[in-house]
$ cat input18.pdb   # PDB, C-alpha atoms and all ligand atoms
ATOM      1  CA  MET A  80      44.525 -15.366   9.482  1.00  0.00           C
ATOM      2  CA  ILE A  81      41.921 -15.073   6.766  1.00  0.00           C
ATOM      3  CA  ARG A  82      38.367 -14.097   7.529  1.00  0.00           C
ATOM      4  CA  TYR A  83      35.475 -15.502   5.562  1.00  0.00           C
ATOM      5  CA  SER A  84      31.852 -14.533   5.784  1.00  0.00           C
ATOM      6  CA  LEU A  85      29.931 -17.774   5.928  1.00  0.00           C
ATOM      7  CA  ILE A  86      26.309 -18.650   5.411  1.00  0.00           C
ATOM      8  CA  CYS A  87      24.779 -21.839   6.722  1.00  0.00           C
ATOM      9  CA  GLU A  88      21.994 -23.804   5.039  1.00  0.00           C
ATOM     10  CA  ASN A  89      19.490 -21.938   7.190  1.00  0.00           C
ATOM     11  CA  GLY A  90      20.686 -18.537   6.027  1.00  0.00           C
ATOM     12  CA  HIS A  91      22.629 -17.549   9.156  1.00  0.00           C
ATOM     13  CA  GLU A  92      25.597 -15.345   8.433  1.00  0.00           C
ATOM     14  CA  PHE A  93      28.695 -15.399  10.572  1.00  0.00           C
ATOM     15  CA  ASP A  94      32.432 -14.901  10.332  1.00  0.00           C
ATOM     16  CA  GLY A  95      34.949 -17.676  10.382  1.00  0.00           C
ATOM     17  CA  TRP A  96      38.706 -17.321  10.797  1.00  0.00           C
ATOM     18  CA  PHE A  97      41.094 -19.666   9.069  1.00  0.00           C
ATOM     19  CA  GLY A  98      44.840 -20.012   9.074  1.00  0.00           C
ATOM     20  CA  ARG A  99      45.099 -20.499   5.335  1.00  0.00           C
ATOM     21  CA  ALA A 100      42.774 -20.265   2.375  1.00  0.00           C
ATOM     22  CA  ASP A 101      42.738 -24.004   1.819  1.00  0.00           C
ATOM     23  CA  ALA A 102      42.179 -24.614   5.518  1.00  0.00           C
ATOM     24  CA  PHE A 103      38.675 -23.307   5.067  1.00  0.00           C
ATOM     25  CA  GLU A 104      37.782 -25.910   2.439  1.00  0.00           C
ATOM     26  CA  ALA A 105      39.367 -28.698   4.463  1.00  0.00           C
ATOM     27  CA  GLN A 106      37.770 -27.772   7.770  1.00  0.00           C
ATOM     28  CA  VAL A 107      34.318 -27.315   6.261  1.00  0.00           C
ATOM     29  CA  ALA A 108      34.633 -30.603   4.379  1.00  0.00           C
ATOM     30  CA  ALA A 109      35.599 -32.314   7.629  1.00  0.00           C
ATOM     31  CA  GLY A 110      32.603 -30.778   9.415  1.00  0.00           C
ATOM     32  CA  GLU A 111      34.855 -28.947  11.863  1.00  0.00           C
ATOM     33  CA  VAL A 112      33.151 -25.636  11.260  1.00  0.00           C
ATOM     34  CA  SER A 113      29.581 -25.193  12.364  1.00  0.00           C
ATOM     35  CA  CYS A 114      27.062 -22.384  12.438  1.00  0.00           C
ATOM     36  CA  PRO A 115      27.083 -20.700  15.886  1.00  0.00           C
ATOM     37  CA  HIS A 116      23.344 -20.132  15.537  1.00  0.00           C
ATOM     38  CA  CYS A 117      22.039 -23.587  14.627  1.00  0.00           C
ATOM     39  CA  GLY A 118      25.077 -25.848  14.563  1.00  0.00           C
ATOM     40  CA  SER A 119      24.720 -26.692  10.891  1.00  0.00           C
ATOM     41  CA  THR A 120      27.900 -27.757   9.122  1.00  0.00           C
ATOM     42  CA  ALA A 121      26.465 -27.149   5.640  1.00  0.00           C
ATOM     43  CA  LEU A 122      28.249 -23.890   5.036  1.00  0.00           C
ATOM     44  CA  THR A 123      29.063 -21.776   2.031  1.00  0.00           C
ATOM     45  CA  LYS A 124      31.199 -18.725   1.648  1.00  0.00           C
ATOM     46  CA  ALA A 125      29.226 -15.523   1.411  1.00  0.00           C
ATOM     47  CA  LEU A 126      30.137 -13.097  -1.286  1.00  0.00           C
ATOM     48  CA  MET A 127      32.619 -10.593  -0.003  1.00  0.00           C
ATOM     49  CA  THR A 128      32.017  -7.023  -0.996  1.00  0.00           C
ATOM     50  CA  PRO A 129      35.063  -4.839  -1.411  1.00  0.00           C
ATOM     51  CA  ALA A 130      35.399  -2.245   1.311  1.00  0.00           C
ATOM     52  CA  VAL A 131      35.829   0.660  -1.053  1.00  0.00           C
ATOM     53  CA  GLY A 132      34.274   4.060  -0.516  1.00  0.00           C
ATOM     54  CA  GLY A 133      30.983   4.492   1.254  1.00  0.00           C
ATOM     55  CA  PRO A 134      30.300   6.066   4.619  1.00  0.00           C
ATOM     56  CA  ARG A 135      31.308   2.968   6.578  1.00  0.00           C
ATOM     57  CA  HIS A 136      34.413   3.359   8.712  1.00  0.00           C
ATOM     58  CA  GLY A 137      34.000   0.363  10.968  1.00  0.00           C
ATOM     59  CA  GLU A 138      37.537  -0.822  10.256  1.00  0.00           C
ATOM     60  CA  GLU A 139      39.071   2.260  11.836  1.00  0.00           C
ATOM     61  CA  THR A 140      37.239   2.013  15.129  1.00  0.00           C
ATOM     62  CA  GLY A 141      37.227  -1.760  15.285  1.00  0.00           C
ATOM     63  CA  ALA A 142      33.485  -1.584  15.913  1.00  0.00           C
ATOM     64  CA  GLY A 143      30.595  -2.136  13.576  1.00  0.00           C
ATOM     65  CA  ASP A 144      32.356  -4.945  11.784  1.00  0.00           C
ATOM     66  CA  GLU A 145      29.101  -6.744  11.100  1.00  0.00           C
ATOM     67  CA  THR A 146      27.214  -6.857   7.845  1.00  0.00           C
ATOM     68  CA  PRO A 147      26.014  -3.313   7.270  1.00  0.00           C
ATOM     69  CA  VAL A 148      22.254  -2.851   7.163  1.00  0.00           C
ATOM     70  CA  PRO A 149      21.304  -0.996   4.012  1.00  0.00           C
ATOM     71  CA  ALA A 150      19.558   2.206   4.947  1.00  0.00           C
ATOM     72  CA  LEU A 151      16.770   3.474   2.759  1.00  0.00           C
ATOM     73  CA  ALA A 152      17.131   7.100   1.921  1.00  0.00           C
ATOM     74  CA  GLU A 153      14.006   8.719   3.239  1.00  0.00           C
ATOM     75  CA  THR A 154      12.813  11.698   1.266  1.00  0.00           C
ATOM     76  CA  ALA A 155      10.138  12.955   3.596  1.00  0.00           C
ATOM     77  CA  GLU A 156      10.207  16.385   2.083  1.00  0.00           C
ATOM     78  CA  GLY A 157       6.930  16.116   0.201  1.00  0.00           C
ATOM     79  CA  PRO A 158       6.411  16.711  -3.504  1.00  0.00           C
ATOM     80  CA  PRO A 159       8.945  18.754  -5.448  1.00  0.00           C
ATOM     81  CA  ALA A 160       8.399  22.488  -5.830  1.00  0.00           C
ATOM     82  CA  GLU A 161       7.259  22.275  -9.481  1.00  0.00           C
ATOM     83  CA  VAL A 162       4.540  19.800  -8.583  1.00  0.00           C
ATOM     84  CA  LEU A 163       3.443  21.926  -5.671  1.00  0.00           C
ATOM     85  CA  SER A 164       3.188  25.064  -7.765  1.00  0.00           C
ATOM     86  CA  ALA A 165       1.257  23.168 -10.469  1.00  0.00           C
ATOM     87  CA  ILE A 166      -1.213  21.956  -7.869  1.00  0.00           C
ATOM     88  CA  ARG A 167      -1.391  25.430  -6.370  1.00  0.00           C
ATOM     89  CA  GLU A 168      -2.148  26.949  -9.794  1.00  0.00           C
ATOM     90  CA  LEU A 169      -4.775  24.317 -10.576  1.00  0.00           C
ATOM     91  CA  LYS A 170      -6.401  24.921  -7.240  1.00  0.00           C
ATOM     92  CA  ARG A 171      -6.324  28.690  -7.770  1.00  0.00           C
ATOM     93  CA  GLN A 172      -8.142  28.345 -11.106  1.00  0.00           C
ATOM     94  CA  LEU A 173     -10.619  25.932  -9.603  1.00  0.00           C
ATOM     95  CA  VAL A 174     -11.336  28.191  -6.682  1.00  0.00           C
ATOM     96  CA  ALA A 175     -11.567  31.286  -8.912  1.00  0.00           C
ATOM     97  CA  SER A 176     -14.251  29.719 -11.101  1.00  0.00           C
ATOM     98  CA  ALA A 177     -16.273  28.125  -8.326  1.00  0.00           C
ATOM     99  CA  ASP A 178     -18.536  29.307  -5.533  1.00  0.00           C
ATOM    100  CA  TYR A 179     -17.432  28.691  -2.002  1.00  0.00           C
ATOM    101  CA  VAL A 180     -20.245  26.966  -0.136  1.00  0.00           C
ATOM    102  CA  GLY A 181     -18.433  26.172   3.080  1.00  0.00           C
ATOM    103  CA  ASP A 182     -19.714  23.139   4.944  1.00  0.00           C
ATOM    104  CA  HIS A 183     -22.844  23.051   2.776  1.00  0.00           C
ATOM    105  CA  PHE A 184     -20.834  21.390   0.030  1.00  0.00           C
ATOM    106  CA  ALA A 185     -22.664  18.040   0.097  1.00  0.00           C
ATOM    107  CA  GLU A 186     -26.066  19.741   0.276  1.00  0.00           C
ATOM    108  CA  GLU A 187     -25.269  22.123  -2.564  1.00  0.00           C
ATOM    109  CA  ALA A 188     -23.676  19.430  -4.748  1.00  0.00           C
ATOM    110  CA  ARG A 189     -26.828  17.387  -4.309  1.00  0.00           C
ATOM    111  CA  ARG A 190     -29.104  20.333  -5.244  1.00  0.00           C
ATOM    112  CA  ILE A 191     -27.055  20.987  -8.394  1.00  0.00           C
ATOM    113  CA  HIS A 192     -27.124  17.308  -9.260  1.00  0.00           C
ATOM    114  CA  TYR A 193     -30.917  17.204  -8.993  1.00  0.00           C
ATOM    115  CA  ASP A 194     -31.323  20.537 -10.849  1.00  0.00           C
ATOM    116  CA  GLU A 195     -32.579  22.283  -7.749  1.00  0.00           C
ATOM    117  CA  ALA A 196     -29.811  24.846  -7.989  1.00  0.00           C
ATOM    118  CA  PRO A 197     -28.057  26.432 -11.001  1.00  0.00           C
ATOM    119  CA  ALA A 198     -25.267  24.263 -12.366  1.00  0.00           C
ATOM    120  CA  ARG A 199     -21.931  25.765 -11.422  1.00  0.00           C
ATOM    121  CA  GLY A 200     -18.624  24.858  -9.891  1.00  0.00           C
ATOM    122  CA  ILE A 201     -18.639  24.829  -6.138  1.00  0.00           C
ATOM    123  CA  TYR A 202     -16.129  24.047  -3.490  1.00  0.00           C
ATOM    124  CA  GLY A 203     -16.308  23.698   0.241  1.00  0.00           C
ATOM    125  CA  GLU A 204     -15.996  21.218   3.015  1.00  0.00           C
ATOM    126  CA  ALA A 205     -17.670  17.862   3.406  1.00  0.00           C
ATOM    127  CA  THR A 206     -17.372  15.262   6.096  1.00  0.00           C
ATOM    128  CA  ALA A 207     -16.240  11.770   5.166  1.00  0.00           C
ATOM    129  CA  GLU A 208     -19.801  10.596   5.678  1.00  0.00           C
ATOM    130  CA  GLU A 209     -21.206  13.286   3.385  1.00  0.00           C
ATOM    131  CA  ALA A 210     -18.611  12.444   0.750  1.00  0.00           C
ATOM    132  CA  ARG A 211     -19.586   8.788   0.935  1.00  0.00           C
ATOM    133  CA  GLY A 212     -23.234   9.749   0.490  1.00  0.00           C
ATOM    134  CA  LEU A 213     -22.420  11.772  -2.635  1.00  0.00           C
ATOM    135  CA  ILE A 214     -20.460   8.883  -4.126  1.00  0.00           C
ATOM    136  CA  GLU A 215     -23.372   6.525  -3.455  1.00  0.00           C
ATOM    137  CA  GLU A 216     -25.739   8.882  -5.246  1.00  0.00           C
ATOM    138  CA  GLY A 217     -23.367   9.087  -8.196  1.00  0.00           C
ATOM    139  CA  ILE A 218     -22.611  12.768  -7.652  1.00  0.00           C
ATOM    140  CA  GLU A 219     -19.208  13.692  -8.993  1.00  0.00           C
ATOM    141  CA  PHE A 220     -16.795  15.734  -6.957  1.00  0.00           C
ATOM    142  CA  HIS A 221     -13.069  15.937  -6.517  1.00  0.00           C
ATOM    143  CA  PRO A 222     -11.233  16.404  -3.285  1.00  0.00           C
ATOM    144  CA  LEU A 223      -9.053  19.492  -3.344  1.00  0.00           C
ATOM    145  CA  PRO A 224      -5.484  18.741  -2.398  1.00  0.00           C
ATOM    146  CA  ILE A 225      -4.398  20.246   0.877  1.00  0.00           C
ATOM    147  CA  LEU A 226      -1.084  21.968   0.309  1.00  0.00           C
ATOM    148  CA  PRO A 227       1.658  21.878   2.947  1.00  0.00           C
ATOM    149  CA  ASP A 228       1.558  25.635   3.496  1.00  0.00           C
ATOM    150  CA  GLU A 229      -2.180  25.501   4.194  1.00  0.00           C
ATOM    151  CA  ARG A 230      -2.008  23.115   7.100  1.00  0.00           C
ATOM    152  CA  ASN A 231      -1.413  25.799   9.683  1.00  0.00           C
TER
HETATM  153 ZN    ZN A 301      22.715 -21.600  11.023  1.00  0.00          ZN
END
$ encode --input "input18.pdb" --output "structure tokens"
Amino acid sequence: MIRYSLICENGHEFDGWFGRADAFEAQVAAGEVSCPHCGSTALTKALMTPAVGGPRHGEETGAGDETPVPALAETAEGPPAEVLSAIRELKRQLVASADYVGDHFAEEARRIHYDEAPARGIYGEATAEEARGLIEEGIEFHPLPILPDERN
């Protein structure tokens, strides 16, 4: 027996077993083979990928003999260490040259913008609403990146 992966005109994939290689062509031409999903007899052979290497061992267990679903490698480990340390250094310099104003950031940024306070670098906390207000007034500020080791 020879196994072919088949695809119907509607994109359904399924396996078909044939006694001989030329039996496939003959049976399909005669309309004797149909898609188990939609009954279509317009079938083509799917490309067979060689079962070489890879972590798939379905053949040994007899299970998992279906088309393997490609798994995306998830790298949920955050930015690489070099990037992190660059950000950390940037933030350190920023913080060292600026005044901490706590949750008065929006207020203080506004006072500096309107020359009501001496121009200087400041940093602190602002609510989303305060930040939106600053943007609307054309007051420049940059959100400080929160580093992974500062979340706790
Ligand atoms: Zn089909």
$ atom_distance --input "input18.pdb" --atom1 "CA of Glu104 (chain A)" --atom2 "CA of Gly90 (chain A)"
19.0 Å
$ closest_residue --input "input18.pdb" --among "A:Ala100, A:Cys117, A:Ala205, A:Leu122" --to "Gly181 (chain A)" --atoms "all atoms listed in the file"
A:Ala205
$ closest_residue --input "input18.pdb" --among "A:Val180, A:Ala160, A:Val174, A:Cys87" --to "ligand ZN 301 (chain A)" --atoms "all atoms listed in the file"
A:Cys87
$ atom_distance --input "input18.pdb" --atom1 "CA of Gly98 (chain A)" --atom2 "CA of Ile81 (chain A)"
6.2 Å
$ residues_around --input "input18.pdb" --residues "Ile218 (chain A)" --least-positions-apart "3" --cutoff "7 Å" --atoms "only C-alpha atoms" --output "compact mmCIF listing (two decimals) with C-alpha atoms, in the frame of the given file"
# COMPACT_ATOMS: atom_id res chain seq x y z
CA HIS A 192 -27.12 17.31 -9.26
CA LEU A 213 -22.42 11.77 -2.64
CA ILE A 214 -20.46 8.88 -4.13
$ resolve_selection --input "input18.pdb" --expression "the PyMOL selection byres (((not hetatm)) within 7 of (chain A and resi 301))" --output "compact mmCIF listing (two decimals) with C-alpha atoms, keeping the file's coordinate frame"
# COMPACT_ATOMS: atom_id res chain seq x y z
CA CYS A 87 24.78 -21.84 6.72
CA GLU A 88 21.99 -23.80 5.04
CA ASN A 89 19.49 -21.94 7.19
CA GLY A 90 20.69 -18.54 6.03
CA HIS A 91 22.63 -17.55 9.16
CA CYS A 114 27.06 -22.38 12.44
CA PRO A 115 27.08 -20.70 15.89
CA HIS A 116 23.34 -20.13 15.54
CA CYS A 117 22.04 -23.59 14.63
CA GLY A 118 25.08 -25.85 14.56
CA SER A 119 24.72 -26.69 10.89
$ atom_distance --input "input18.pdb" --atom1 "CA of Gly203 (chain A)" --atom2 "CA of Phe184 (chain A)"
5.1 Å
$ resolve_selection --input "input18.pdb" --expression "the PyMOL selection byres (((chain A and resi 125) around 12) and not hetatm)" --output "tab-separated table (two decimals) with C-alpha atoms, keeping the file's coordinate frame"
chain	number	residue	atom	x	y	z
A	82	ARG	CA	38.37	-14.10	7.53
A	83	TYR	CA	35.48	-15.50	5.56
A	84	SER	CA	31.85	-14.53	5.78
A	85	LEU	CA	29.93	-17.77	5.93
A	86	ILE	CA	26.31	-18.65	5.41
A	87	CYS	CA	24.78	-21.84	6.72
A	88	GLU	CA	21.99	-23.80	5.04
A	90	GLY	CA	20.69	-18.54	6.03
A	91	HIS	CA	22.63	-17.55	9.16
A	92	GLU	CA	25.60	-15.34	8.43
A	93	PHE	CA	28.70	-15.40	10.57
A	94	ASP	CA	32.43	-14.90	10.33
A	95	GLY	CA	34.95	-17.68	10.38
A	122	LEU	CA	28.25	-23.89	5.04
A	123	THR	CA	29.06	-21.78	2.03
A	124	LYS	CA	31.20	-18.73	1.65
A	126	LEU	CA	30.14	-13.10	-1.29
A	127	MET	CA	32.62	-10.59	0.00
A	128	THR	CA	32.02	-7.02	-1.00
A	146	THR	CA	27.21	-6.86	7.84
$ closest_residue --input "input18.pdb" --among "A:Glu186, A:Leu223, A:Asp101, A:Arg211" --to "Ile166 (chain A)" --atoms "all atoms listed in the file"
A:Leu223
$ closest_residue --input "input18.pdb" --among "A:Glu216, A:Glu195, A:Glu204, A:Glu161" --to "His183 (chain A)" --atoms "all atoms listed in the file"
A:Glu204
$ axis_aligned_box --input "input18.pdb" --around "region 175-182 of chain A" --padding-each-side "5 Å" --output "AutoDock Vina command-line options"
--center_x -15.9 --center_y 27.2 --center_z -3.1 --size_x 18.7 --size_y 18.1 --size_z 26.0
$ closest_residue --input "input18.pdb" --among "A:Met80, A:Val112, A:Tyr202, A:Thr120" --to "Gln172 (chain A)" --atoms "all atoms listed in the file"
A:Tyr202
